[in-house]
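Here is the structure we will look at.
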Amino acid sequence: FFEMPMPAGVGASPIHVATRKVPAAAPGAYSPSFTYRMDLTPTLHGVTPTDLQAGTELVLGVSGVPMDSAGVLQGDLEVLIGGALCANITETPGAADFGDNVSVMTCIVMPTAAGSYPVTLRSKSRGIADPKVAPLVSYAVTIDTITPAWGSLAGGTLIMIKGDG
């Protein structure tokens, strides 16, 4: 297993492999390379809504992902927000319009820490969508309960706050 950094552009890049700091040798004149192709790169065109909390249905416009006869290849895509995987990724035509030749997907946002995050689209077979153009979303703090709901006028009451974010 090894990872290569994201290239500056498309095209072939040489591969250098080393084990325990010893470079691997290629037989004869063979020079191993890997070719980056835009047509094989997943694209995340947009998301809605951008203000999220756990349980929100997120709508995504995606292209460049593998398809089968039923549509987007199930089990190939992952959506991450703040490191948390989005659950139940489903193709949902008509949920939003992100343009021509763009598949519309939905997923359920899972709990994560409050903050602003880029949405990461990852195809297990094709790689990660360009993070430089990833849409940003905000994950809000939600408060479900405060107990007790009353206390002394002078303060000092210990309270418990339950929620998410």
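So you can find residues: chains in the structure tokens are A, B, ... in the order shown, residues in each start at 1, and ligands are numbered from 1 in order.
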Exercise for review: Find the residues near region 123-135 of chain A: any atom within 9 Å, counting only C-alpha atoms, skip ones fewer than 2 places away on the same chain, and give them as a count of residues only.
Suggested key: 24
Exercise for review: Taking the DSSP assignment computed from this structure's backbone, write out as number ranges by chain all residues of region 15-146 of chain A that belong to strand (DSSP E or B).
Suggested key: A: 18-19, 22-23, 33-36, 43-48, 51-52, 57-63, 67-68, 71-72, 77-81, 84-85, 87-91, 103-108, 115-123, 127-128, 136-139, 142-146
Check your understanding: Given the choices A:Pro111, A:Pro93, A:Leu153, A:Ser103, which gets closest to Leu52 (chain A) if the distance is worked out from only C-alpha atoms?
Key ->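 Closest to Leu52 (chain A) of all the choices is A:Pro111.
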Exercise for review: Would you mind telling me which residue in A:Gly151, A:Pro32, A:Pro49, A:Gly115 lies nearest to Gly83 (chain A) when using only C-alpha atoms?
Suggested key: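 Smallest separation from Gly83 (chain A) among the options: A:Gly115.
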Point to revise | Neighbour list for Val109 (chain A) as a list of chain:residue names, cut-off 9 Å, only C-alpha atoms, skip fewer than 6 positions in-chain | key: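 The contact residues come out as A:Leu52, A:Gln53, A:Ala54, A:Gly55, A:Thr56, A:Glu57, A:Leu58, A:Leu80, A:Ile81, A:Ala84, A:Leu85, A:Cys86, A:Ala87.
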Review point. Hey, which of A:Gly61, A:Val17, A:Thr112, A:Gly82 ends up closest to Phe98 (chain A)? Count only C-alpha atoms.
Key: A:Gly61
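As for CA of Gly99 (chain A) and CA of Asp39 (chain A), they are spaced 17.1 Å apart.
Among the candidate residues A:Val102, A:Ala140, A:Ala12, A:Ala114, the one lying nearest to Ser63 (chain A) is A:Val102, with distances computed using only C-alpha atoms.
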Review point. So how far away is CA of Ala113 (chain A) from CA of Ser138 (chain A), in Å?
Key: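 Separation of CA of Ser138 (chain A) and CA of Ala113 (chain A): 10.2 Å.
Nearest to Leu136 (chain A) of all the residues A:Trp150, A:Gly155, A:Asp51, A:Tyr30 is A:Asp51, counting only C-alpha atoms.
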